[in-house]
$ cat target_29.csv   # CSV, C-alpha atoms
chain,number,residue,atom,x,y,z
N,9,MET,CA,1.6,17.6,7.6
N,10,VAL,CA,4.8,18.2,5.5
N,11,ASP,CA,6.2,16.1,2.7
N,12,ILE,CA,9.8,15.9,3.9
N,13,GLN,CA,11.4,15.0,0.5
N,14,PHE,CA,10.5,18.6,-0.7
N,15,LEU,CA,12.9,20.1,1.8
N,16,SER,CA,15.9,18.6,0.1
N,17,ASN,CA,18.4,21.3,-0.8
N,18,LYS,CA,16.5,24.0,1.1
N,19,ASP,CA,19.0,24.8,3.8
N,20,ARG,CA,17.3,27.7,5.5
N,21,THR,CA,14.0,25.9,5.6
N,22,GLN,CA,15.7,22.8,7.1
N,23,ASP,CA,17.3,25.0,9.7
N,24,GLU,CA,14.0,26.6,10.7
N,25,LEU,CA,12.3,23.1,10.7
N,26,PHE,CA,15.1,21.8,13.0
N,27,HIS,CA,14.4,24.5,15.6
N,28,LEU,CA,10.6,24.1,15.2
N,29,PHE,CA,10.9,20.4,15.6
N,30,ASN,CA,13.0,20.8,18.8
N,31,HIS,CA,10.5,23.2,20.2
N,32,PHE,CA,7.6,20.8,19.7
N,33,TYR,CA,9.7,17.9,21.0
N,34,GLU,CA,10.7,19.7,24.2
N,35,ASN,CA,7.0,20.6,24.8
N,36,ASN,CA,5.9,17.0,24.3
N,37,LYS,CA,4.0,17.8,21.1
N,38,GLN,CA,3.4,15.3,18.3
N,39,VAL,CA,4.8,16.1,14.9
N,40,ILE,CA,3.8,14.2,11.8
N,41,PHE,CA,5.7,14.2,8.6
N,42,SER,CA,5.1,12.3,5.3
N,43,SER,CA,7.4,11.3,2.6
N,44,ASP,CA,7.6,8.9,-0.3
N,45,LYS,CA,11.1,7.9,0.9
N,46,ALA,CA,12.6,6.8,4.2
N,47,PRO,CA,14.7,9.5,5.9
N,48,LYS,CA,17.9,7.7,5.1
N,49,HIS,CA,17.1,7.8,1.3
N,50,ILE,CA,16.4,11.6,1.1
N,51,THR,CA,19.4,13.3,-0.5
N,52,HIS,CA,20.6,16.6,0.7
N,53,LEU,CA,18.8,16.4,4.1
N,54,GLU,CA,20.8,17.6,7.1
N,55,ASP,CA,22.0,14.8,9.3
N,56,ARG,CA,20.6,16.4,12.4
N,57,LEU,CA,17.1,16.4,10.8
N,58,ARG,CA,17.6,12.9,9.4
N,59,SER,CA,18.5,11.6,12.9
N,60,ARG,CA,15.4,13.2,14.4
N,61,PHE,CA,13.1,11.7,11.8
N,62,GLU,CA,14.6,8.3,12.2
N,63,GLY,CA,14.1,8.6,16.0
N,64,GLY,CA,10.4,8.7,15.5
N,65,MET,CA,7.9,6.0,14.4
N,66,ILE,CA,8.3,5.3,10.7
N,67,VAL,CA,5.3,3.7,9.1
N,68,ASP,CA,5.0,2.4,5.5
N,69,VAL,CA,1.5,3.0,4.2
N,70,ILE,CA,0.6,0.5,1.6
N,71,LYS,CA,-2.2,0.2,-0.8
N,72,PRO,CA,-5.4,-1.1,0.9
N,73,ASP,CA,-6.4,-4.6,0.1
N,74,TYR,CA,-9.9,-5.5,-1.3
N,75,GLU,CA,-11.5,-6.0,2.1
N,76,SER,CA,-10.1,-2.8,3.4
N,77,ARG,CA,-11.3,-0.8,0.3
N,78,LEU,CA,-14.7,-2.4,0.7
N,79,ALA,CA,-14.9,-1.4,4.4
N,80,ILE,CA,-13.7,2.1,3.6
N,81,LEU,CA,-16.3,2.5,0.9
N,82,LYS,CA,-19.1,1.3,3.2
N,83,THR,CA,-18.0,3.7,5.9
N,84,LYS,CA,-17.8,6.6,3.5
N,85,LEU,CA,-21.2,5.8,2.0
N,86,LYS,CA,-22.8,5.6,5.5
N,87,ASN,CA,-22.1,9.4,5.8
N,88,SER,CA,-23.6,10.2,2.4
N,89,LEU,CA,-27.1,10.1,0.9
N,90,PHE,CA,-25.9,7.7,-1.8
N,91,TYR,CA,-27.0,4.1,-1.4
N,92,PRO,CA,-25.7,2.0,-4.3
N,93,HIS,CA,-26.3,-1.7,-4.5
N,94,ASN,CA,-23.7,-4.0,-3.0
N,95,GLN,CA,-22.7,-5.2,-6.4
N,96,ILE,CA,-21.7,-1.6,-7.3
N,97,VAL,CA,-19.8,-1.1,-4.1
N,98,GLU,CA,-17.9,-4.4,-4.6
N,99,PHE,CA,-17.2,-3.5,-8.2
N,100,ILE,CA,-15.7,-0.2,-7.0
N,101,ALA,CA,-13.6,-1.9,-4.3
N,102,ALA,CA,-12.3,-4.4,-6.9
N,103,ASN,CA,-11.4,-1.7,-9.5
N,104,VAL,CA,-10.3,1.3,-7.6
N,105,GLN,CA,-7.1,0.2,-6.0
N,106,ASP,CA,-4.5,2.8,-5.7
N,107,ASN,CA,-5.4,4.8,-2.6
N,108,ILE,CA,-8.2,6.1,-0.4
N,109,ARG,CA,-8.3,9.5,-2.1
N,110,GLU,CA,-9.1,7.8,-5.4
N,111,LEU,CA,-11.9,5.9,-3.7
N,112,GLU,CA,-13.3,9.1,-2.3
N,113,GLY,CA,-13.0,10.8,-5.7
N,114,VAL,CA,-15.0,8.0,-7.4
N,115,ILE,CA,-17.7,8.2,-4.7
N,116,ASN,CA,-18.0,11.9,-5.2
N,117,VAL,CA,-18.3,11.4,-9.0
N,118,LEU,CA,-21.0,8.8,-8.5
N,119,ILE,CA,-22.9,10.9,-5.9
N,120,CYS,CA,-22.9,13.9,-8.2
N,121,GLN,CA,-24.1,11.8,-11.2
N,122,SER,CA,-26.8,10.2,-9.1
N,123,GLN,CA,-28.0,13.5,-7.9
N,124,LEU,CA,-27.9,15.0,-11.4
N,125,LYS,CA,-30.0,12.1,-12.8
N,126,ASN,CA,-32.2,12.1,-9.7
N,127,ARG,CA,-31.9,8.3,-9.4
N,128,ASN,CA,-29.6,5.5,-8.5
N,129,LEU,CA,-27.0,4.5,-11.1
N,130,ASN,CA,-26.8,1.1,-12.6
N,131,LEU,CA,-23.6,-1.0,-12.8
N,132,GLN,CA,-23.1,-0.2,-16.5
N,133,GLU,CA,-23.2,3.6,-15.7
N,134,VAL,CA,-20.8,3.1,-12.8
N,135,LYS,CA,-18.4,1.1,-15.0
N,136,SER,CA,-18.4,3.9,-17.6
N,137,LEU,CA,-17.8,6.6,-15.0
N,138,ILE,CA,-15.0,4.7,-13.3
N,139,LYS,CA,-13.3,4.0,-16.7
N,140,THR,CA,-12.9,7.8,-17.2
N,141,SER,CA,-11.9,8.5,-13.5
N,142,VAL,CA,-9.5,5.7,-12.8
N,143,LYS,CA,-6.3,4.7,-14.6
N,144,PRO,CA,-6.4,1.2,-16.1
N,145,LYS,CA,-5.0,-1.7,-14.2
N,146,LYS,CA,-1.9,-3.3,-15.7
N,147,SER,CA,-2.3,-6.8,-14.3
N,148,LEU,CA,-3.9,-8.8,-11.6
N,149,SER,CA,-2.2,-10.3,-8.6
N,150,VAL,CA,-2.9,-13.8,-7.4
N,151,GLU,CA,-4.8,-12.3,-4.4
N,152,GLU,CA,-7.0,-10.2,-6.7
N,153,VAL,CA,-7.8,-13.2,-8.9
N,154,THR,CA,-8.7,-15.2,-5.8
N,155,VAL,CA,-11.0,-12.5,-4.4
N,156,LEU,CA,-12.7,-12.0,-7.8
N,157,VAL,CA,-13.3,-15.7,-8.3
N,158,ALA,CA,-14.6,-16.1,-4.7
N,159,HIS,CA,-17.1,-13.2,-5.3
N,160,LEU,CA,-18.2,-14.7,-8.6
N,161,GLN,CA,-19.2,-17.9,-6.9
N,162,HIS,CA,-21.6,-16.1,-4.5

$ encode --input "target_29.csv" --output "structure tokens"
Amino acid sequence: MVDIQFLSNKDRTQDELFHLFNHFYENNKQVIFSSDKAPKHITHLEDRLRSRFEGGMIVDVIKPDYESRLAILKTKLKNSLFYPHNQIVEFIAANVQDNIRELEGVINVLICQSQLKNRNLNLQEVKSLIKTSVKPKKSLSVEEVTVLVAHLQH
């Protein structure tokens, strides 16, 4: 996978990529690129590359919602030897919101700490570990408030 925006102003690299892209395309091979911008917003990208990128499927990957984060956590935890209480998993899903890599990082930290202490971690320990691992939230959305209130009523 290549982050396309980093090819801006790299003419020789773009030229090689153009020929490589054509080779894969002509041989019915799949090519996946990533970028934090749509192809039309990448400056200094050759038009011939831009048109090829725009001819493919463009997907905007957004932050996962609470239910998705919860499902991702449960799936990741199935493959580990770490079995936290549901309350802890729900806390992580509610507080680690930016991306899946961040969720995986928090899981790894918790697994390591649990193994070091040779016991399950309690919620207070998890809160403390997450506080140092995750950037603080700036504000809550209406959806987040609704989810949190709904979970408090259970």

$ closest_residue --input "target_29.csv" --among "N:Leu89, N:Leu25, N:Val97, N:Val155" --to "N:Cys120" --atoms "all atoms listed in the file"
N:Leu89

$ atom_distance --input "target_29.csv" --atom1 "atom CA of N:Ala102" --atom2 "atom CA of N:Asp73"
9.2 Å

$ atom_distance --input "target_29.csv" --atom1 "atom CA of N:Arg20" --atom2 "atom CA of N:His52"
12.5 Å

$ closest_residue --input "target_29.csv" --among "N:Leu57, N:Ser43, N:Lys37, N:Gly64" --to "N:Gln22" --atoms "only C-alpha atoms"
N:Leu57

$ residues_around --input "target_29.csv" --residues "stretch 109-118 of chain N" --least-positions-apart "6" --cutoff "9 Å" --atoms "all atoms listed in the file" --output "VMD selection string"
chain N and resid 77 80 to 81 84 to 85 90 100 to 101 129 134 137 to 138 141 to 142

$ closest_residue --input "target_29.csv" --among "N:Asp55, N:Glu24, N:Asp68, N:Glu75" --to "N:Gln105" --atoms "all atoms listed in the file"
N:Glu75

$ residues_around --input "target_29.csv" --residues "N:Thr51" --least-positions-apart "6" --cutoff "12 Å" --atoms "all atoms listed in the file" --output "VMD selection string"
chain N and resid 12 to 18 45 57 to 58

$ atom_distance --input "target_29.csv" --atom1 "atom CA of N:Asn126" --atom2 "atom CA of N:Asn103"
25.0 Å

$ residues_around --input "target_29.csv" --residues "stretch 157-161 of chain N" --least-positions-apart "4" --cutoff "10 Å" --atoms "all atoms listed in the file" --output "list of chain:residue names"
N:Gln95, N:Glu98, N:Glu151, N:Glu152, N:Val153

$ residues_near_point --input "target_29.csv" --point "(-27.2, -3.0, -9.0)" --cutoff "8 Å" --atoms "all atoms listed in the file" --output "ChimeraX atom specification"
/N:92-96,129-131

$ closest_residue --input "target_29.csv" --among "N:Lys86, N:Lys125, N:Lys71, N:Lys139" --to "N:Phe99" --atoms "all atoms listed in the file"
N:Lys139

$ closest_residue --input "target_29.csv" --among "N:Gln123, N:Pro72, N:Val67, N:Phe41" --to "N:Ser88" --atoms "all atoms listed in the file"
N:Gln123

$ closest_residue --input "target_29.csv" --among "N:Leu78, N:Tyr91, N:Ile119, N:Phe26" --to "N:Arg60" --atoms "all atoms listed in the file"
N:Phe26
